[in-house]
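Source file: structure36.cif (mmCIF, C-alpha atoms)
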data_run
#
loop_
_atom_site.label_atom_id
_atom_site.label_comp_id
_atom_site.auth_asym_id
_atom_site.auth_seq_id
_atom_site.Cartn_x
_atom_site.Cartn_y
_atom_site.Cartn_z
CA MET G 242 31.89 -51.70 -62.21
CA SER G 243 32.65 -47.99 -61.89
CA TYR G 244 30.38 -45.55 -60.07
CA ILE G 245 29.01 -44.14 -63.35
CA GLU G 246 28.49 -47.59 -64.84
CA ASP G 247 26.58 -48.66 -61.74
CA LEU G 248 24.50 -45.47 -61.65
CA PHE G 249 23.24 -45.95 -65.19
CA SER G 250 23.23 -49.74 -65.21
CA VAL G 251 20.22 -51.64 -66.54
CA LYS G 252 22.00 -54.99 -66.42
CA ASN G 253 19.63 -57.85 -65.60
CA LYS G 254 16.63 -55.52 -65.35
CA ILE G 255 13.37 -56.96 -66.65
CA ILE G 256 12.24 -54.65 -69.47
CA VAL G 257 9.00 -54.78 -71.47
CA VAL G 258 8.86 -52.79 -74.72
CA THR G 259 5.66 -52.31 -76.70
CA GLY G 260 5.80 -51.43 -80.38
CA ALA G 261 9.03 -53.42 -80.51
CA SER G 262 8.67 -54.73 -84.06
CA ARG G 263 9.98 -51.58 -85.74
CA GLY G 264 11.10 -47.97 -85.40
CA ILE G 265 11.80 -46.49 -81.99
CA GLY G 266 10.45 -49.53 -80.15
CA PHE G 267 12.74 -51.89 -82.04
CA GLU G 268 15.77 -49.70 -81.36
CA LEU G 269 14.93 -49.46 -77.66
CA ALA G 270 14.49 -53.22 -77.34
CA SER G 271 17.79 -53.75 -79.12
CA GLY G 272 19.61 -51.07 -77.10
CA PHE G 273 18.49 -52.39 -73.73
CA SER G 274 19.40 -55.93 -74.72
CA GLN G 275 22.91 -54.80 -75.67
CA ALA G 276 23.13 -52.98 -72.32
CA GLY G 277 22.60 -56.28 -70.51
CA ALA G 278 18.89 -56.08 -69.69
CA ASN G 279 16.45 -58.96 -70.05
CA VAL G 280 14.07 -57.66 -72.69
CA TRP G 281 10.59 -58.81 -73.68
CA GLY G 282 9.04 -57.10 -76.69
CA VAL G 283 5.53 -57.03 -78.14
CA GLY G 284 4.16 -55.72 -81.41
CA ARG G 285 1.49 -56.45 -83.98
CA SER G 286 3.96 -57.73 -86.60
CA MET G 287 6.04 -60.88 -86.49
CA LYS G 288 9.70 -60.19 -85.80
CA ASP G 289 12.86 -62.25 -85.40
CA PHE G 290 14.95 -61.00 -82.47
CA THR G 291 17.18 -64.03 -82.06
CA ASN G 292 20.31 -62.12 -83.06
CA ILE G 293 19.91 -59.55 -80.26
CA ASN G 294 18.39 -61.74 -77.53
CA VAL G 295 14.94 -60.19 -77.15
CA LYS G 296 11.99 -62.41 -76.27
CA TYR G 297 9.24 -61.29 -78.59
CA LYS G 298 5.53 -62.05 -78.87
CA SER G 299 3.06 -60.78 -81.46
CA ILE G 300 0.30 -59.03 -79.48
CA ASN G 301 -1.96 -56.10 -80.31
CA ILE G 302 -1.91 -53.99 -77.14
CA LEU G 303 -5.67 -53.43 -77.49
CA GLU G 304 -6.04 -57.10 -76.59
CA LYS G 305 -5.62 -56.15 -72.96
CA ASP G 306 -6.25 -59.63 -71.55
CA LEU G 307 -3.49 -61.07 -73.73
CA PHE G 308 -1.09 -58.33 -72.68
CA PHE G 309 -1.96 -58.89 -69.00
CA GLU G 310 -1.23 -62.61 -69.38
CA PHE G 311 2.02 -61.74 -71.14
CA CYS G 312 3.07 -59.61 -68.15
CA LYS G 313 1.90 -62.30 -65.71
CA ASN G 314 4.06 -64.90 -67.47
CA ILE G 315 7.08 -62.62 -67.25
CA PHE G 316 6.41 -62.15 -63.54
CA THR G 317 6.09 -65.90 -63.02
CA GLU G 318 9.44 -66.46 -64.75
CA SER G 319 11.36 -63.48 -63.38
CA GLY G 320 9.65 -62.37 -60.15
CA THR G 321 9.09 -58.79 -61.28
CA ILE G 322 8.83 -56.33 -64.13
CA ASP G 323 11.26 -53.46 -63.64
CA VAL G 324 10.50 -51.23 -66.62
CA LEU G 325 7.71 -50.78 -69.16
CA ILE G 326 8.42 -48.72 -72.27
CA ASN G 327 5.34 -47.79 -74.29
CA ALA G 328 6.54 -47.18 -77.84
CA ALA G 329 3.47 -48.57 -79.63
CA GLY G 330 1.74 -45.98 -81.76
CA ILE G 331 0.07 -45.33 -85.10
CA SER G 332 -0.53 -42.27 -87.26
CA ILE G 333 -3.21 -41.91 -89.96
CA PRO G 334 -3.57 -38.54 -91.74
CA ALA G 335 -6.95 -36.86 -91.35
CA GLU G 336 -7.53 -36.69 -95.10
CA SER G 337 -7.53 -40.49 -95.32
CA GLU G 338 -10.81 -42.23 -96.05
CA ASP G 339 -13.15 -42.81 -93.10
CA SER G 340 -11.35 -40.20 -91.02
CA LYS G 341 -13.84 -40.45 -88.14
CA ASN G 342 -12.94 -44.07 -87.49
CA ASN G 343 -9.28 -43.28 -88.03
CA PHE G 344 -9.43 -40.67 -85.28
CA GLU G 345 -10.91 -43.24 -82.92
CA ASN G 346 -8.43 -45.93 -83.99
CA ILE G 347 -5.49 -43.65 -83.29
CA LEU G 348 -6.77 -42.77 -79.81
CA ASN G 349 -7.54 -46.41 -79.06
CA THR G 350 -3.97 -47.48 -79.81
CA ASN G 351 -1.89 -44.49 -78.76
CA LEU G 352 -3.77 -43.60 -75.59
CA ILE G 353 -6.22 -46.25 -74.40
CA GLY G 354 -4.02 -49.18 -75.38
CA ASN G 355 -1.02 -47.65 -73.63
CA TYR G 356 -3.16 -47.05 -70.55
CA TYR G 357 -4.01 -50.76 -70.47
CA CYS G 358 -0.31 -51.59 -70.73
CA CYS G 359 0.59 -49.29 -67.84
CA ASN G 360 -2.04 -50.87 -65.61
CA SER G 361 -1.05 -54.42 -66.53
CA ALA G 362 2.68 -53.97 -66.02
CA ALA G 363 2.24 -51.97 -62.79
CA ASN G 364 0.51 -54.98 -61.23
CA PHE G 365 3.75 -56.95 -61.52
CA MET G 366 6.34 -54.35 -60.54
CA ARG G 367 8.18 -55.09 -57.31
CA GLY G 368 10.67 -52.75 -55.71
CA GLU G 369 11.18 -49.58 -57.75
CA GLY G 370 9.41 -49.63 -61.10
CA SER G 371 9.69 -47.31 -64.07
CA ILE G 372 7.18 -46.63 -66.84
CA ILE G 373 8.41 -44.68 -69.87
CA ASN G 374 5.88 -43.38 -72.40
CA ILE G 375 6.97 -42.24 -75.84
CA THR G 376 4.95 -39.14 -76.72
CA SER G 377 5.74 -36.52 -79.39
CA ILE G 378 6.37 -32.82 -79.90
CA GLY G 379 2.87 -32.97 -81.37
CA ALA G 380 1.59 -33.38 -77.80
CA ASN G 381 2.59 -29.78 -77.11
CA LEU G 382 2.62 -28.06 -80.51
CA GLY G 383 0.14 -27.71 -83.35
CA PHE G 384 0.77 -29.57 -86.61
CA PRO G 385 -1.56 -29.79 -89.64
CA ASN G 386 -3.76 -32.63 -90.86
CA ASN G 387 -3.20 -35.12 -88.06
CA PRO G 388 -5.49 -34.22 -85.13
CA GLY G 389 -5.91 -37.79 -83.94
CA TYR G 390 -2.19 -38.32 -83.50
CA GLN G 391 -1.70 -35.03 -81.67
CA ALA G 392 -4.73 -35.57 -79.45
CA SER G 393 -3.56 -39.07 -78.56
CA LYS G 394 -0.02 -37.96 -77.73
CA GLY G 395 -1.31 -34.98 -75.73
CA GLY G 396 -3.51 -37.42 -73.82
CA LEU G 397 -0.56 -39.73 -73.25
CA ALA G 398 1.47 -36.83 -71.85
CA ALA G 399 -1.38 -36.01 -69.44
CA LEU G 400 -1.74 -39.71 -68.57
CA THR G 401 1.95 -39.80 -67.71
CA ARG G 402 1.50 -37.06 -65.12
CA ALA G 403 -1.69 -38.63 -63.73
CA LEU G 404 -0.09 -42.05 -63.32
CA ALA G 405 3.04 -40.53 -61.80
CA TYR G 406 0.73 -39.31 -59.03
CA ASP G 407 -1.34 -42.48 -58.71
CA LEU G 408 1.54 -44.97 -58.84
CA ALA G 409 3.97 -43.11 -56.59
CA GLU G 410 2.57 -44.95 -53.57
CA LYS G 411 3.70 -48.19 -55.22
CA ASN G 412 7.20 -46.75 -55.79
CA ILE G 413 6.64 -46.67 -59.56
CA ARG G 414 7.97 -43.69 -61.48
CA VAL G 415 6.24 -42.59 -64.69
CA ASN G 416 7.94 -40.30 -67.20
CA SER G 417 7.85 -39.60 -70.92
CA ILE G 418 10.32 -39.13 -73.74
CA VAL G 419 9.28 -36.54 -76.34
CA PRO G 420 10.78 -37.25 -79.76
CA GLY G 421 11.00 -34.69 -82.52
CA TYR G 422 11.28 -35.71 -86.16
CA ILE G 423 12.88 -39.15 -86.13
CA ARG G 424 13.67 -41.21 -89.21
CA THR G 425 11.12 -44.02 -89.04
CA GLU G 426 8.59 -45.72 -91.28
CA MET G 427 6.07 -43.15 -90.06
CA THR G 428 8.13 -40.17 -91.30
CA LYS G 429 9.71 -41.65 -94.43
CA GLU G 430 7.56 -39.69 -96.88
CA SER G 431 8.62 -36.36 -95.37
CA PHE G 432 12.24 -37.46 -95.31
CA LYS G 433 12.22 -38.51 -98.98
CA ASP G 434 10.69 -35.20 -100.11
CA ASP G 435 13.55 -32.68 -100.42
CA ARG G 436 11.30 -29.69 -99.72
CA LEU G 437 9.63 -31.21 -96.68
CA LYS G 438 12.91 -32.58 -95.38
CA LYS G 439 14.59 -29.16 -95.58
CA GLU G 440 11.53 -27.41 -94.12
CA ARG G 441 11.73 -29.61 -91.05
CA GLU G 442 15.51 -29.32 -90.69
CA ASN G 443 15.13 -25.54 -90.62
CA ARG G 444 13.01 -25.90 -87.46
CA MET G 445 15.75 -27.82 -85.67
CA LEU G 446 18.64 -26.28 -83.77
CA LEU G 447 20.68 -29.39 -84.48
CA LYS G 448 20.43 -29.51 -88.25
CA ARG G 449 19.72 -33.19 -88.67
CA TRP G 450 16.82 -35.57 -88.32
CA GLY G 451 16.89 -37.75 -85.25
CA GLU G 452 17.69 -41.43 -85.47
CA CYS G 453 15.89 -44.09 -83.46
CA SER G 454 19.16 -44.74 -81.63
CA ASP G 455 18.99 -41.18 -80.23
CA MET G 456 16.16 -42.36 -77.95
CA VAL G 457 18.18 -45.05 -76.19
CA GLY G 458 20.25 -42.86 -73.87
CA ALA G 459 17.23 -41.01 -72.48
CA ALA G 460 15.40 -44.30 -71.94
CA ILE G 461 18.35 -45.88 -70.13
CA TYR G 462 18.53 -42.83 -67.86
CA LEU G 463 14.83 -43.13 -66.97
CA ALA G 464 15.13 -46.89 -66.46
CA SER G 465 18.19 -46.69 -64.20
CA ARG G 466 18.71 -45.50 -60.64
CA ALA G 467 20.30 -42.34 -62.09
CA SER G 468 16.71 -41.04 -62.32
CA SER G 469 15.44 -42.47 -59.04
CA TYR G 470 13.98 -39.09 -57.95
CA VAL G 471 12.45 -38.23 -61.33
CA THR G 472 8.75 -38.78 -61.99
CA GLY G 473 6.03 -37.01 -63.94
CA SER G 474 8.69 -35.43 -66.15
CA GLU G 475 9.35 -35.10 -69.88
CA ILE G 476 12.68 -35.45 -71.66
CA PHE G 477 12.67 -33.74 -75.07
CA VAL G 478 14.80 -35.50 -77.69
CA ASP G 479 13.93 -33.21 -80.59
CA GLY G 480 17.11 -31.49 -81.75
CA GLY G 481 15.92 -28.26 -80.17
CA TRP G 482 12.70 -28.04 -82.23
CA SER G 483 10.33 -27.19 -79.40
CA ILE G 484 12.43 -24.40 -77.83
CA LYS G 485 13.53 -22.63 -81.02
CA GLY G 486 12.52 -18.98 -81.26
CA LEU G 487 13.70 -16.86 -84.16
#

This entry written out as structure tokens:
Amino acid sequence: MSYIEDLFSVKNKIIVVTGASRGIGFELASGFSQAGANVWGVGRSMKDFTNINVKYKSINILEKDLFFEFCKNIFTESGTIDVLINAAGISIPAESEDSKNNFENILNTNLIGNYYCCNSAANFMRGEGSIINITSIGANLGFPNNPGYQASKGGLAALTRALAYDLAEKNIRVNSIVPGYIRTEMTKESFKDDRLKKERENRMLLKRWGECSDMVGAAIYLASRASSYVTGSEIFVDGGWSIKGL
């Protein structure tokens, strides 16, 4: 193995990915598996990962006792958890019916549920651990008609910094990846609408929507020893959206 290959290697690392049934979480689980990691995925939907060698269990992350037992079983089998990637998240527009409950539901999943996952996995990390939270440009910028999503992702960004402080004594690093507009189930309506699609592309320096696969490189960096002195940080994978001026 060359120096660079070793520096960025995730081979045989024990990786847990939430939200692994679709979108960014699915792509991350698949990417780490192809990079030689031992990957366990969870999500609310049933999913067949047999073709890409991911061990998958259907769990709602709000069922914190089930997720804790899931992590405990991984620890019993493997002796550690090296990396947790929190990709689980939902978005419900504010104009939807029963918006008050929707606001609470979004925060429960995107913030409180991810907090439970961080705590559970951290209990079973031995040696150097890494937690990677998937936030959003909406954590830092204002967007219309989706306050619950933005509040939850802003909270997750703050949680990342808080846990980076609290978990440093356990040699666990906590960082976040900040996606821009990525082609997923969550963004498909904007992508199919020519006007909305073009409107968003005009905000990007790189004139294309992101793909879920664009997240994998940043995640591998944060999971590997290449980032061993990086904690409490954000990596923006947004095509230049958040730094564009005129």

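For the pair CA of Glu310 in chain G and CA of Asn360 in chain G, the separation is 12.4 Å.
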
If you measure from CA of Arg402 in chain G to CA of Asn349 in chain G, what distance in Å do you get, rounded to one decimal?
19.1 Å

Neighbour list for Gly451 in chain G as JSON, numbers by chain, cut-off 8 Å, all atoms listed in the file, skip fewer than 5 positions in-chain:
{"G": [421, 422, 423, 424, 479, 480]}

With all atoms listed in the file as the basis for distance, which of G:Ala464, G:Asp407, G:Met445, G:Ser377 is at the shortest distance from Ile265 in chain G?
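Ranked by minimum distance to Ile265 in chain G, first place goes to G:Ser377.
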
What lies within 6 Å of Gly473 in chain G using only C-alpha atoms, ignoring chain neighbours under 2 positions off, as an mmCIF file with C-alpha atoms, in the coordinates of the input?
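Result saved to selection-v2.cif:
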data_model
loop_
_atom_site.group_PDB
_atom_site.id
_atom_site.type_symbol
_atom_site.label_atom_id
_atom_site.label_comp_id
_atom_site.auth_asym_id
_atom_site.auth_seq_id
_atom_site.Cartn_x
_atom_site.Cartn_y
_atom_site.Cartn_z
ATOM 1 C CA ARG G 402 1.500 -37.060 -65.120
ATOM 2 C CA ALA G 405 3.040 -40.530 -61.800
ATOM 3 C CA VAL G 415 6.240 -42.590 -64.690
ATOM 4 C CA ASN G 416 7.940 -40.300 -67.200
#

With only C-alpha atoms as the counted atoms, please give the residues lying no more than 9 Å from Ile347 in chain G, apart from itself and same-chain residues fewer than 3 positions off, as an MDAnalysis selection string.
chainID G and resid 330:333 342:344 350:352 389:390 392:393

Keeping only C-alpha atoms, take the residues you just selected and write them out as a PDB file, in the coordinates of the input.
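New file again-v4.pdb:
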ATOM      1  CA  GLY G 330       1.740 -45.980 -81.760  1.00  0.00           C
ATOM      2  CA  ILE G 331       0.070 -45.330 -85.100  1.00  0.00           C
ATOM      3  CA  SER G 332      -0.530 -42.270 -87.260  1.00  0.00           C
ATOM      4  CA  ILE G 333      -3.210 -41.910 -89.960  1.00  0.00           C
ATOM      5  CA  ASN G 342     -12.940 -44.070 -87.490  1.00  0.00           C
ATOM      6  CA  ASN G 343      -9.280 -43.280 -88.030  1.00  0.00           C
ATOM      7  CA  PHE G 344      -9.430 -40.670 -85.280  1.00  0.00           C
ATOM      8  CA  THR G 350      -3.970 -47.480 -79.810  1.00  0.00           C
ATOM      9  CA  ASN G 351      -1.890 -44.490 -78.760  1.00  0.00           C
ATOM     10  CA  LEU G 352      -3.770 -43.600 -75.590  1.00  0.00           C
ATOM     11  CA  GLY G 389      -5.910 -37.790 -83.940  1.00  0.00           C
ATOM     12  CA  TYR G 390      -2.190 -38.320 -83.500  1.00  0.00           C
ATOM     13  CA  ALA G 392      -4.730 -35.570 -79.450  1.00  0.00           C
ATOM     14  CA  SER G 393      -3.560 -39.070 -78.560  1.00  0.00           C
TER      15      SER G 393
END

Pull out every residue that the PyMOL selection byres ((chain G and resi 305) around 10) matches in the shown coordinates and put them as an MDAnalysis selection string.
chainID G and resid 300:304 306:311 354:358 360:361

Length of the CA of Asn381 in chain G to CA of Lys439 in chain G vector [Å]
22.0 Å

Neighbours of Phe273 in chain G within 9 Å (all atoms listed in the file; same-chain residues fewer than 4 positions away dropped), as a ChimeraX atom specification?
/G:251-252,256,268-269,277-280,457,460-461

Measuring between all atoms listed in the file, which one of G:Asn253, G:Ala363, G:Leu408, G:Ser417 shows the shortest distance to Asn327 in chain G?
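With all atoms listed in the file as the atom set, the closest residue is G:Ser417.
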
I would like the residues chosen by the PyMOL selection byres ((chain G and resi 396) around 10) on the shown file; could you give them as an mmCIF file with C-alpha atoms, keeping the file's coordinate frame?
data_model
loop_
_atom_site.group_PDB
_atom_site.id
_atom_site.type_symbol
_atom_site.label_atom_id
_atom_site.label_comp_id
_atom_site.auth_asym_id
_atom_site.auth_seq_id
_atom_site.Cartn_x
_atom_site.Cartn_y
_atom_site.Cartn_z
ATOM 1 C CA LEU G 348 -6.770 -42.770 -79.810
ATOM 2 C CA ASN G 351 -1.890 -44.490 -78.760
ATOM 3 C CA LEU G 352 -3.770 -43.600 -75.590
ATOM 4 C CA ILE G 353 -6.220 -46.250 -74.400
ATOM 5 C CA THR G 376 4.950 -39.140 -76.720
ATOM 6 C CA ALA G 380 1.590 -33.380 -77.800
ATOM 7 C CA TYR G 390 -2.190 -38.320 -83.500
ATOM 8 C CA GLN G 391 -1.700 -35.030 -81.670
ATOM 9 C CA ALA G 392 -4.730 -35.570 -79.450
ATOM 10 C CA SER G 393 -3.560 -39.070 -78.560
ATOM 11 C CA LYS G 394 -0.020 -37.960 -77.730
ATOM 12 C CA GLY G 395 -1.310 -34.980 -75.730
ATOM 13 C CA LEU G 397 -0.560 -39.730 -73.250
ATOM 14 C CA ALA G 398 1.470 -36.830 -71.850
ATOM 15 C CA ALA G 399 -1.380 -36.010 -69.440
ATOM 16 C CA LEU G 400 -1.740 -39.710 -68.570
ATOM 17 C CA THR G 401 1.950 -39.800 -67.710
#

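Run against this file, the PyMOL selection byres ((chain G and resi 267) around 10) gives back G:Val258, G:Thr259, G:Gly260, G:Ala261, G:Ser262, G:Arg263, G:Gly264, G:Ile265, G:Gly266, G:Glu268, G:Leu269, G:Ala270, G:Ser271, G:Gly272, G:Gly282, G:Val283, G:Gly284, G:Lys288, G:Phe290, G:Val295, G:Ala328, G:Cys453, G:Ser454.
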
Selection above as a file: C-alpha atoms, as a CSV table (one decimal), keeping the file's coordinate frame:
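This went into again29.csv:
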chain,number,residue,atom,x,y,z
G,258,VAL,CA,8.9,-52.8,-74.7
G,259,THR,CA,5.7,-52.3,-76.7
G,260,GLY,CA,5.8,-51.4,-80.4
G,261,ALA,CA,9.0,-53.4,-80.5
G,262,SER,CA,8.7,-54.7,-84.1
G,263,ARG,CA,10.0,-51.6,-85.7
G,264,GLY,CA,11.1,-48.0,-85.4
G,265,ILE,CA,11.8,-46.5,-82.0
G,266,GLY,CA,10.4,-49.5,-80.2
G,268,GLU,CA,15.8,-49.7,-81.4
G,269,LEU,CA,14.9,-49.5,-77.7
G,270,ALA,CA,14.5,-53.2,-77.3
G,271,SER,CA,17.8,-53.8,-79.1
G,272,GLY,CA,19.6,-51.1,-77.1
G,282,GLY,CA,9.0,-57.1,-76.7
G,283,VAL,CA,5.5,-57.0,-78.1
G,284,GLY,CA,4.2,-55.7,-81.4
G,288,LYS,CA,9.7,-60.2,-85.8
G,290,PHE,CA,15.0,-61.0,-82.5
G,295,VAL,CA,14.9,-60.2,-77.2
G,328,ALA,CA,6.5,-47.2,-77.8
G,453,CYS,CA,15.9,-44.1,-83.5
G,454,SER,CA,19.2,-44.7,-81.6

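Considering the residues G:Thr428, G:Ser371, G:Glu318, G:Tyr297 and counting all atoms listed in the file, Tyr462 in chain G has its shortest atom-to-atom contact with G:Ser371.
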
With distances taken over only C-alpha atoms, which residue among G:Ile245, G:Ile373, G:Ala276, G:Lys296 lies nearest Asp323 in chain G?
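Once distances to Asp323 in chain G are computed over only C-alpha atoms, the minimum belongs to G:Ile373.
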
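Proximity to Lys313 in chain G was assessed for G:Ile378, G:Val257, G:Ala329, G:Leu248 counting only C-alpha atoms; the smallest distance is recorded for G:Val257.
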
Distance criterion (all atoms listed in the file): nearest to Gly379 in chain G out of G:Ile255, G:Leu487, G:Val419, G:Val478
G:Val419

Axis-aligned box over every listed atom of range 282-296 of chain G, padded by 5 Å per side: centre and edges in Å to one decimal, as AutoDock Vina command-line options?
--center_x 10.9 --center_y -59.9 --center_z -81.4 --size_x 28.8 --size_y 18.3 --size_z 20.3

If you count only C-alpha atoms, which residues fall within 7 Å of Ile322 in chain G, apart from same-chain ones fewer than 2 positions away, as a PyMOL selection string?
chain G and resi 255-256+316+324+362+365-367
